[in-house]
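Heads up: the structure comes next, in structure tokens.
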Amino acid sequence: MEPRNPEGGADRPRSAGGKESGRVVVIGPYLRVRRGDPDAPTESHVMRNSEARLEEAVGLARAIDLEIADSLIAPISEVRPATFLGKGKVEEVVGLITGHEIELVVMDCALSPIQQRNLEKAWNTKVLDRTGLILEIFGRRAKTREGSLQVELAHLNYQRSRLVRSWTHLERQRGGFGFMGGPGETQIEADRRLIGDRIARLENEIKKVQATRRLHREGRKRVPYRVVALVGYTNAGKSTLFNRLTRAEVQAADMLFATLDPTLRALHLPHGGKAMLSDTVGFISNLPTQLVAAFRATLEEVLEADVILHVRDISHEDAEAQQRDVDTVLRQLGIDPDAGRILEVWNKIDRFEPETRENLQNIAARRPPERPCFLVSAETGEGVDALLAAIEDRLAASRMTLDLSIDASDGAGISWLHRNSEVLAKELHDGRFDMTVRVDETKRDIVVTRFDAVPHVM
């Protein structure tokens, strides 16, 4: 065991409901990986620094106002089917729980229902695994109806898997009528059936939400606004960058999963054009499968986006591992990280000395053109102008710029152009408007035919 006493001494924090939270110990049961071992796992979360992984787990626990009494790394050589940890480590934790009067143990791993039940019996306290902890955070932070529905669906799917025969109230019930009734369904079966019914209702409600969002997207497609989506590891600075780019006031805090619900705002581009900027939920390593599935509706804004900004906290010691985790989630959503519509944003460069910044600039300059990156500070605004110019260039790449002349009395035609194209210039000469417009490929032929437009000459 490698105990780490957290900084503290402050008053006991209170939970969102106003009650004092219990004392918690966070345990990082990480597999030992021997260098050069051909059988060693190669997933990015295994390659992470153990200290950084434990610090992230502590941050997750603090995100819901839990009082961290202690945190420690528990290296393991293999996962035990019954308790995840070995017998000796389980016994060591018993002493820690007693000494600190622990009321909750957070295990930074995914526990099976049997493992969770056995650990709770051995330690005589509540045990929460990484999946359950993230679900708890999402449950507290979701503000919109859509977010609440998705969190509840994910939580019920998780809860259904926890219905093991360990509860004292799961005795067999009597069924039927009068004296003829035989043994009825067990309480565990009743609980499973009720959860299943609720899941079915939630899925139907989420389908309605998806349909509404689909209508909104179709509406946006009828106007010349393109969509730019922010993605990134949680606490990478997405919401701060979102506020910087749109002058919005979305909550931004130095906290894991500070914002969950998607937000759309107008993004004003350097040459007068507009796009819609979408801020989405942050990703994290080992993101629970239930959440990836449940939040697919929310992340549809990313699927439909013309440009994706992958915001990275380049100052974080695990920045490379975080990039791999985000790429993994994007692939789960059906997005190829190397497809060419992603711009990497290396955020928080204000934390570096000038010499280090110059080195990062040199690294960025050598990046392949299909995966460019831009150094910015969302906090100070440094590098944001260059990022906006790159976004505009990327959005314009698939659009054609045309020149045309239209009679000033053709109000219907002028109105159509404003609704269906991006008007870059408009001047009145001798009763006619000379206009320069930028249009999608789908509307190019209409503009050329109806308004006798010609390609714009720079």
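Lettering and numbering for the structure tokens are positional, with chains as A, B, ... in the shown order, residues counted from 1 in each chain, and ligands counted from 1 in the shown order.
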
Long-range neighbours of Asp385 in chain A as a JSON list (two decimals) with N, CA and C atoms, in the first residue's frame, 10 Å cut-off, only C-alpha atoms, 2 positions minimum in chain:
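File written: result_23.json
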```json
[["chain", "number", "residue", "atom", "x", "y", "z"],
["A", 245, "LEU", "N", -14.89, 32.54, -26.89],
["A", 245, "LEU", "CA", -15.23, 32.64, -28.31],
["A", 245, "LEU", "C", -16.60, 33.26, -28.54],
["A", 269, "LEU", "N", -17.31, 34.95, -36.87],
["A", 269, "LEU", "CA", -16.03, 34.68, -37.52],
["A", 269, "LEU", "C", -15.38, 35.99, -37.98],
["A", 270, "PRO", "N", -14.07, 35.98, -38.25],
["A", 270, "PRO", "CA", -13.34, 37.23, -38.52],
["A", 270, "PRO", "C", -13.89, 38.07, -39.67],
["A", 376, "VAL", "N", -3.33, 28.03, -27.56],
["A", 376, "VAL", "CA", -4.17, 29.13, -27.07],
["A", 376, "VAL", "C", -4.17, 29.14, -25.54],
["A", 381, "GLY", "N", -6.88, 34.73, -23.65],
["A", 381, "GLY", "CA", -7.23, 35.07, -25.03],
["A", 381, "GLY", "C", -6.10, 34.91, -26.01],
["A", 382, "GLU", "N", -4.92, 34.56, -25.54],
["A", 382, "GLU", "CA", -3.76, 34.39, -26.42],
["A", 382, "GLU", "C", -4.03, 33.27, -27.44],
["A", 383, "GLY", "N", -3.77, 33.56, -28.72],
["A", 383, "GLY", "CA", -3.91, 32.56, -29.77],
["A", 383, "GLY", "C", -5.32, 32.35, -30.28],
["A", 387, "LEU", "N", -6.94, 30.87, -34.03],
["A", 387, "LEU", "CA", -7.87, 29.74, -34.02],
["A", 387, "LEU", "C", -9.14, 30.08, -34.79],
["A", 388, "LEU", "N", -9.68, 31.29, -34.58],
["A", 388, "LEU", "CA", -10.89, 31.70, -35.29],
["A", 388, "LEU", "C", -10.66, 31.75, -36.79],
["A", 389, "ALA", "N", -9.49, 32.24, -37.19],
["A", 389, "ALA", "CA", -9.17, 32.29, -38.62],
["A", 389, "ALA", "C", -9.10, 30.89, -39.21],
["A", 390, "ALA", "N", -8.54, 29.95, -38.45],
["A", 390, "ALA", "CA", -8.45, 28.57, -38.93],
["A", 390, "ALA", "C", -9.83, 27.93, -39.05],
["A", 391, "ILE", "N", -10.70, 28.24, -38.06],
["A", 391, "ILE", "CA", -12.07, 27.72, -38.13],
["A", 391, "ILE", "C", -12.77, 28.24, -39.38]]
```

Inset, instruction - Pick out the residues sitting within 12 Å of Val311 in chain A, and hand them over as a count of residues only; count only C-alpha atoms, and ignore anything fewer than 3 positions along from it in its own chain. - result: 40

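By chain and then residue number, the residues within 10 Å of Glu317 in chain A are Arg48, Asn49, Ala52, Asp313, Ile314, Glu320, Ala321 and Gln322 of chain A, counting only C-alpha atoms and disregarding those fewer than 3 positions away in sequence.
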
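CA of Ala63 in chain A is found 17.4 Å from CA of Glu103 in chain A.
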
Inset, instruction - Would you please work out which residue, of A:Ala386, A:Leu303, A:Ala412, A:Val447, is nearest to Pro337 in chain A when using only C-alpha atoms? - result: A:Leu303

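What separates CA of His268 in chain A from CA of Arg244 in chain A is a distance of 11.5 Å.
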
Legend entry - Exercise: range 77-79 of chain A partners within 8 Å, only C-alpha atoms, chain neighbours under 4 positions left out, as JSON, numbers by chain: {"A": [31, 32, 84, 85, 86]}

Inset, instruction - Write out as a ChimeraX atom specification which residues come within 12 Å of Arg444 in chain A when counting only C-alpha atoms, dropping same-chain ones fewer than 6 positions away. - result: /A:398-403,417,420-422,437-438,450-455

Inset, instruction - Within 12 Å of range 70-75 of chain A, counting only C-alpha atoms, which residues show up once you throw out same-chain ones fewer than 3 positions away? Write them as a PyMOL selection string, please. - result: chain A and resi 1-8+23-33+49-59+61-62+66-67+78-79+84-86+88-90+92-93+96-97+99-102+104-109

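Put simply, CA of Asp129 in chain A is 16.5 Å away from CA of Asp65 in chain A.
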
Inset, instruction - Just the residues within 8 Å of Val228 in chain A, please, counting only C-alpha atoms, with nothing from its chain fewer than 2 positions along; format it as a list in words. - result: Arg226, Leu230, Ala275, Met276, Leu277, Ser278, Ala305, Asp306, Val307, Ile308 and Leu309 of chain A

May I have all residues of range 368-428 of chain A that DSSP, computed from the backbone, assigns to alpha helix (DSSP H), given as a PDB file with all heavy atoms, in the first residue's frame?
```pdb
ATOM      1  N   VAL A 384      -6.307  33.024 -29.692  1.00  0.00           N
ATOM      2  CA  VAL A 384      -7.706  32.803 -30.082  1.00  0.00           C
ATOM      3  C   VAL A 384      -7.985  33.337 -31.485  1.00  0.00           C
ATOM      4  O   VAL A 384      -8.730  32.732 -32.255  1.00  0.00           O
ATOM      5  CB  VAL A 384      -8.659  33.439 -29.046  1.00  0.00           C
ATOM      6  CG1 VAL A 384     -10.087  33.484 -29.569  1.00  0.00           C
ATOM      7  CG2 VAL A 384      -8.614  32.650 -27.743  1.00  0.00           C
ATOM      8  N   ASP A 385      -7.380  34.484 -31.857  1.00  0.00           N
ATOM      9  CA  ASP A 385      -7.607  35.049 -33.188  1.00  0.00           C
ATOM     10  C   ASP A 385      -7.146  34.094 -34.287  1.00  0.00           C
ATOM     11  O   ASP A 385      -7.830  33.910 -35.303  1.00  0.00           O
ATOM     12  CB  ASP A 385      -6.878  36.388 -33.323  1.00  0.00           C
ATOM     13  CG  ASP A 385      -7.515  37.486 -32.480  1.00  0.00           C
ATOM     14  OD1 ASP A 385      -8.690  37.308 -32.073  1.00  0.00           O
ATOM     15  OD2 ASP A 385      -6.848  38.496 -32.211  1.00  0.00           O
ATOM     16  N   ALA A 386      -5.978  33.467 -34.089  1.00  0.00           N
ATOM     17  CA  ALA A 386      -5.479  32.508 -35.083  1.00  0.00           C
ATOM     18  C   ALA A 386      -6.395  31.291 -35.172  1.00  0.00           C
ATOM     19  O   ALA A 386      -6.626  30.746 -36.257  1.00  0.00           O
ATOM     20  CB  ALA A 386      -4.054  32.075 -34.718  1.00  0.00           C
ATOM     21  N   LEU A 387      -6.939  30.873 -34.030  1.00  0.00           N
ATOM     22  CA  LEU A 387      -7.868  29.740 -34.024  1.00  0.00           C
ATOM     23  C   LEU A 387      -9.141  30.084 -34.788  1.00  0.00           C
ATOM     24  O   LEU A 387      -9.638  29.281 -35.590  1.00  0.00           O
ATOM     25  CB  LEU A 387      -8.200  29.345 -32.588  1.00  0.00           C
ATOM     26  CG  LEU A 387      -9.247  28.248 -32.406  1.00  0.00           C
ATOM     27  CD1 LEU A 387      -8.774  26.942 -33.043  1.00  0.00           C
ATOM     28  CD2 LEU A 387      -9.558  28.030 -30.936  1.00  0.00           C
ATOM     29  N   LEU A 388      -9.683  31.288 -34.578  1.00  0.00           N
ATOM     30  CA  LEU A 388     -10.893  31.699 -35.285  1.00  0.00           C
ATOM     31  C   LEU A 388     -10.656  31.748 -36.791  1.00  0.00           C
ATOM     32  O   LEU A 388     -11.517  31.332 -37.582  1.00  0.00           O
ATOM     33  CB  LEU A 388     -11.351  33.074 -34.779  1.00  0.00           C
ATOM     34  CG  LEU A 388     -12.124  33.088 -33.462  1.00  0.00           C
ATOM     35  CD1 LEU A 388     -12.296  34.520 -32.972  1.00  0.00           C
ATOM     36  CD2 LEU A 388     -13.476  32.401 -33.610  1.00  0.00           C
ATOM     37  N   ALA A 389      -9.490  32.239 -37.191  1.00  0.00           N
ATOM     38  CA  ALA A 389      -9.170  32.289 -38.619  1.00  0.00           C
ATOM     39  C   ALA A 389      -9.098  30.888 -39.211  1.00  0.00           C
ATOM     40  O   ALA A 389      -9.567  30.643 -40.331  1.00  0.00           O
ATOM     41  CB  ALA A 389      -7.846  33.026 -38.830  1.00  0.00           C
ATOM     42  N   ALA A 390      -8.538  29.947 -38.452  1.00  0.00           N
ATOM     43  CA  ALA A 390      -8.446  28.566 -38.927  1.00  0.00           C
ATOM     44  C   ALA A 390      -9.826  27.926 -39.047  1.00  0.00           C
ATOM     45  O   ALA A 390     -10.100  27.164 -39.984  1.00  0.00           O
ATOM     46  CB  ALA A 390      -7.559  27.740 -37.990  1.00  0.00           C
ATOM     47  N   ILE A 391     -10.701  28.235 -38.063  1.00  0.00           N
ATOM     48  CA  ILE A 391     -12.072  27.717 -38.129  1.00  0.00           C
ATOM     49  C   ILE A 391     -12.773  28.243 -39.381  1.00  0.00           C
ATOM     50  O   ILE A 391     -13.425  27.491 -40.116  1.00  0.00           O
ATOM     51  CB  ILE A 391     -12.861  28.121 -36.866  1.00  0.00           C
ATOM     52  CG1 ILE A 391     -12.291  27.433 -35.629  1.00  0.00           C
ATOM     53  CG2 ILE A 391     -14.346  27.779 -37.027  1.00  0.00           C
ATOM     54  CD1 ILE A 391     -12.872  27.941 -34.323  1.00  0.00           C
ATOM     55  N   GLU A 392     -12.615  29.537 -39.638  1.00  0.00           N
ATOM     56  CA  GLU A 392     -13.250  30.129 -40.815  1.00  0.00           C
ATOM     57  C   GLU A 392     -12.721  29.498 -42.095  1.00  0.00           C
ATOM     58  O   GLU A 392     -13.493  29.182 -43.014  1.00  0.00           O
ATOM     59  CB  GLU A 392     -13.002  31.639 -40.828  1.00  0.00           C
ATOM     60  CG  GLU A 392     -13.733  32.370 -41.935  1.00  0.00           C
ATOM     61  CD  GLU A 392     -13.564  33.870 -41.818  1.00  0.00           C
ATOM     62  OE1 GLU A 392     -12.398  34.328 -41.761  1.00  0.00           O
ATOM     63  OE2 GLU A 392     -14.581  34.578 -41.788  1.00  0.00           O
ATOM     64  N   ASP A 393     -11.404  29.306 -42.181  1.00  0.00           N
ATOM     65  CA  ASP A 393     -10.817  28.684 -43.373  1.00  0.00           C
ATOM     66  C   ASP A 393     -11.331  27.268 -43.574  1.00  0.00           C
ATOM     67  O   ASP A 393     -11.641  26.850 -44.703  1.00  0.00           O
ATOM     68  CB  ASP A 393      -9.292  28.667 -43.265  1.00  0.00           C
ATOM     69  CG  ASP A 393      -8.685  30.058 -43.382  1.00  0.00           C
ATOM     70  OD1 ASP A 393      -9.396  30.970 -43.851  1.00  0.00           O
ATOM     71  OD2 ASP A 393      -7.513  30.222 -42.990  1.00  0.00           O
ATOM     72  N   ARG A 394     -11.435  26.525 -42.472  1.00  0.00           N
ATOM     73  CA  ARG A 394     -11.895  25.130 -42.576  1.00  0.00           C
ATOM     74  C   ARG A 394     -13.363  25.080 -43.011  1.00  0.00           C
ATOM     75  O   ARG A 394     -13.753  24.232 -43.818  1.00  0.00           O
ATOM     76  CB  ARG A 394     -11.698  24.419 -41.245  1.00  0.00           C
ATOM     77  CG  ARG A 394     -12.039  22.936 -41.246  1.00  0.00           C
ATOM     78  CD  ARG A 394     -11.166  22.167 -42.233  1.00  0.00           C
ATOM     79  NE  ARG A 394      -9.758  22.219 -41.902  1.00  0.00           N
ATOM     80  CZ  ARG A 394      -9.121  21.302 -41.176  1.00  0.00           C
ATOM     81  NH1 ARG A 394      -9.798  20.279 -40.699  1.00  0.00           N
ATOM     82  NH2 ARG A 394      -7.831  21.410 -40.942  1.00  0.00           N
ATOM     83  N   LEU A 395     -14.186  25.969 -42.480  1.00  0.00           N
ATOM     84  CA  LEU A 395     -15.599  26.006 -42.860  1.00  0.00           C
ATOM     85  C   LEU A 395     -15.771  26.429 -44.314  1.00  0.00           C
ATOM     86  O   LEU A 395     -16.677  25.953 -45.012  1.00  0.00           O
ATOM     87  CB  LEU A 395     -16.374  26.965 -41.954  1.00  0.00           C
ATOM     88  CG  LEU A 395     -16.564  26.533 -40.499  1.00  0.00           C
ATOM     89  CD1 LEU A 395     -17.239  27.636 -39.698  1.00  0.00           C
ATOM     90  CD2 LEU A 395     -17.382  25.251 -40.412  1.00  0.00           C
ATOM     91  N   ALA A 396     -14.893  27.320 -44.774  1.00  0.00           N
ATOM     92  CA  ALA A 396     -15.013  27.827 -46.141  1.00  0.00           C
ATOM     93  C   ALA A 396     -14.488  26.828 -47.168  1.00  0.00           C
ATOM     94  O   ALA A 396     -14.803  26.950 -48.363  1.00  0.00           O
ATOM     95  CB  ALA A 396     -14.258  29.147 -46.271  1.00  0.00           C
ATOM     96  N   GLY A 411     -36.994  41.785 -54.007  1.00  0.00           N
ATOM     97  CA  GLY A 411     -36.914  41.539 -52.563  1.00  0.00           C
ATOM     98  C   GLY A 411     -36.914  40.069 -52.217  1.00  0.00           C
ATOM     99  O   GLY A 411     -36.206  39.637 -51.301  1.00  0.00           O
ATOM    100  N   ALA A 412     -37.688  39.257 -52.951  1.00  0.00           N
ATOM    101  CA  ALA A 412     -37.758  37.817 -52.665  1.00  0.00           C
ATOM    102  C   ALA A 412     -36.415  37.154 -52.908  1.00  0.00           C
ATOM    103  O   ALA A 412     -35.958  36.315 -52.124  1.00  0.00           O
ATOM    104  CB  ALA A 412     -38.843  37.174 -53.515  1.00  0.00           C
ATOM    105  N   GLY A 413     -35.745  37.543 -53.993  1.00  0.00           N
ATOM    106  CA  GLY A 413     -34.449  36.940 -54.308  1.00  0.00           C
ATOM    107  C   GLY A 413     -33.384  37.330 -53.300  1.00  0.00           C
ATOM    108  O   GLY A 413     -32.580  36.496 -52.862  1.00  0.00           O
ATOM    109  N   ILE A 414     -33.379  38.629 -52.921  1.00  0.00           N
ATOM    110  CA  ILE A 414     -32.400  39.090 -51.930  1.00  0.00           C
ATOM    111  C   ILE A 414     -32.629  38.391 -50.593  1.00  0.00           C
ATOM    112  O   ILE A 414     -31.687  37.958 -49.923  1.00  0.00           O
ATOM    113  CB  ILE A 414     -32.493  40.619 -51.773  1.00  0.00           C
ATOM    114  CG1 ILE A 414     -32.083  41.309 -53.081  1.00  0.00           C
ATOM    115  CG2 ILE A 414     -31.622  41.096 -50.616  1.00  0.00           C
ATOM    116  CD1 ILE A 414     -32.351  42.803 -53.103  1.00  0.00           C
ATOM    117  N   SER A 415     -33.906  38.254 -50.210  1.00  0.00           N
ATOM    118  CA  SER A 415     -34.234  37.570 -48.961  1.00  0.00           C
ATOM    119  C   SER A 415     -33.789  36.112 -49.002  1.00  0.00           C
ATOM    120  O   SER A 415     -33.241  35.580 -48.026  1.00  0.00           O
ATOM    121  CB  SER A 415     -35.742  37.657 -48.703  1.00  0.00           C
ATOM    122  OG  SER A 415     -36.087  36.949 -47.540  1.00  0.00           O
ATOM    123  N   TRP A 416     -33.986  35.461 -50.165  1.00  0.00           N
ATOM    124  CA  TRP A 416     -33.581  34.046 -50.298  1.00  0.00           C
ATOM    125  C   TRP A 416     -32.075  33.910 -50.125  1.00  0.00           C
ATOM    126  O   TRP A 416     -31.601  32.977 -49.472  1.00  0.00           O
ATOM    127  CB  TRP A 416     -34.011  33.521 -51.667  1.00  0.00           C
ATOM    128  CG  TRP A 416     -33.797  32.044 -51.832  1.00  0.00           C
ATOM    129  CD1 TRP A 416     -34.692  31.047 -51.572  1.00  0.00           C
ATOM    130  CD2 TRP A 416     -32.582  31.397 -52.272  1.00  0.00           C
ATOM    131  NE1 TRP A 416     -34.123  29.822 -51.822  1.00  0.00           N
ATOM    132  CE2 TRP A 416     -32.823  30.003 -52.245  1.00  0.00           C
ATOM    133  CE3 TRP A 416     -31.330  31.843 -52.670  1.00  0.00           C
ATOM    134  CZ2 TRP A 416     -31.866  29.066 -52.618  1.00  0.00           C
ATOM    135  CZ3 TRP A 416     -30.364  30.915 -53.029  1.00  0.00           C
ATOM    136  CH2 TRP A 416     -30.639  29.553 -52.999  1.00  0.00           C
ATOM    137  N   LEU A 417     -31.319  34.844 -50.729  1.00  0.00           N
ATOM    138  CA  LEU A 417     -29.860  34.782 -50.609  1.00  0.00           C
ATOM    139  C   LEU A 417     -29.413  34.945 -49.167  1.00  0.00           C
ATOM    140  O   LEU A 417     -28.502  34.254 -48.698  1.00  0.00           O
ATOM    141  CB  LEU A 417     -29.230  35.868 -51.478  1.00  0.00           C
ATOM    142  CG  LEU A 417     -29.247  35.609 -52.989  1.00  0.00           C
ATOM    143  CD1 LEU A 417     -28.861  36.862 -53.742  1.00  0.00           C
ATOM    144  CD2 LEU A 417     -28.327  34.449 -53.359  1.00  0.00           C
ATOM    145  N   HIS A 418     -30.060  35.842 -48.421  1.00  0.00           N
ATOM    146  CA  HIS A 418     -29.688  36.032 -47.018  1.00  0.00           C
ATOM    147  C   HIS A 418     -30.019  34.799 -46.187  1.00  0.00           C
ATOM    148  O   HIS A 418     -29.307  34.490 -45.226  1.00  0.00           O
ATOM    149  CB  HIS A 418     -30.408  37.262 -46.447  1.00  0.00           C
ATOM    150  CG  HIS A 418     -29.722  38.552 -46.769  1.00  0.00           C
ATOM    151  ND1 HIS A 418     -28.622  39.004 -46.087  1.00  0.00           N
ATOM    152  CD2 HIS A 418     -29.979  39.499 -47.728  1.00  0.00           C
ATOM    153  CE1 HIS A 418     -28.222  40.168 -46.578  1.00  0.00           C
ATOM    154  NE2 HIS A 418     -29.034  40.493 -47.577  1.00  0.00           N
ATOM    155  N   ARG A 419     -31.089  34.098 -46.554  1.00  0.00           N
ATOM    156  CA  ARG A 419     -31.469  32.897 -45.785  1.00  0.00           C
ATOM    157  C   ARG A 419     -30.625  31.689 -46.142  1.00  0.00           C
ATOM    158  O   ARG A 419     -30.388  30.824 -45.302  1.00  0.00           O
ATOM    159  CB  ARG A 419     -32.945  32.545 -46.030  1.00  0.00           C
ATOM    160  CG  ARG A 419     -33.942  33.524 -45.445  1.00  0.00           C
ATOM    161  CD  ARG A 419     -35.345  32.910 -45.407  1.00  0.00           C
ATOM    162  NE  ARG A 419     -35.699  32.252 -46.652  1.00  0.00           N
ATOM    163  CZ  ARG A 419     -36.300  32.848 -47.678  1.00  0.00           C
ATOM    164  NH1 ARG A 419     -36.590  34.151 -47.614  1.00  0.00           N
ATOM    165  NH2 ARG A 419     -36.602  32.169 -48.776  1.00  0.00           N
ATOM    166  N   ASN A 420     -30.158  31.599 -47.359  1.00  0.00           N
ATOM    167  CA  ASN A 420     -29.543  30.362 -47.841  1.00  0.00           C
ATOM    168  C   ASN A 420     -28.068  30.479 -48.173  1.00  0.00           C
ATOM    169  O   ASN A 420     -27.469  29.511 -48.645  1.00  0.00           O
ATOM    170  CB  ASN A 420     -30.294  29.857 -49.083  1.00  0.00           C
ATOM    171  CG  ASN A 420     -31.704  29.419 -48.761  1.00  0.00           C
ATOM    172  OD1 ASN A 420     -31.938  28.286 -48.352  1.00  0.00           O
ATOM    173  ND2 ASN A 420     -32.662  30.330 -48.938  1.00  0.00           N
TER     174      ASN A 420
END
```

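Of the residues under consideration (A:Arg117, A:His456, A:His429, A:Arg312), A:His456 shows the shortest atom-to-atom contact distance to Leu404 in chain A when counting only C-alpha atoms.
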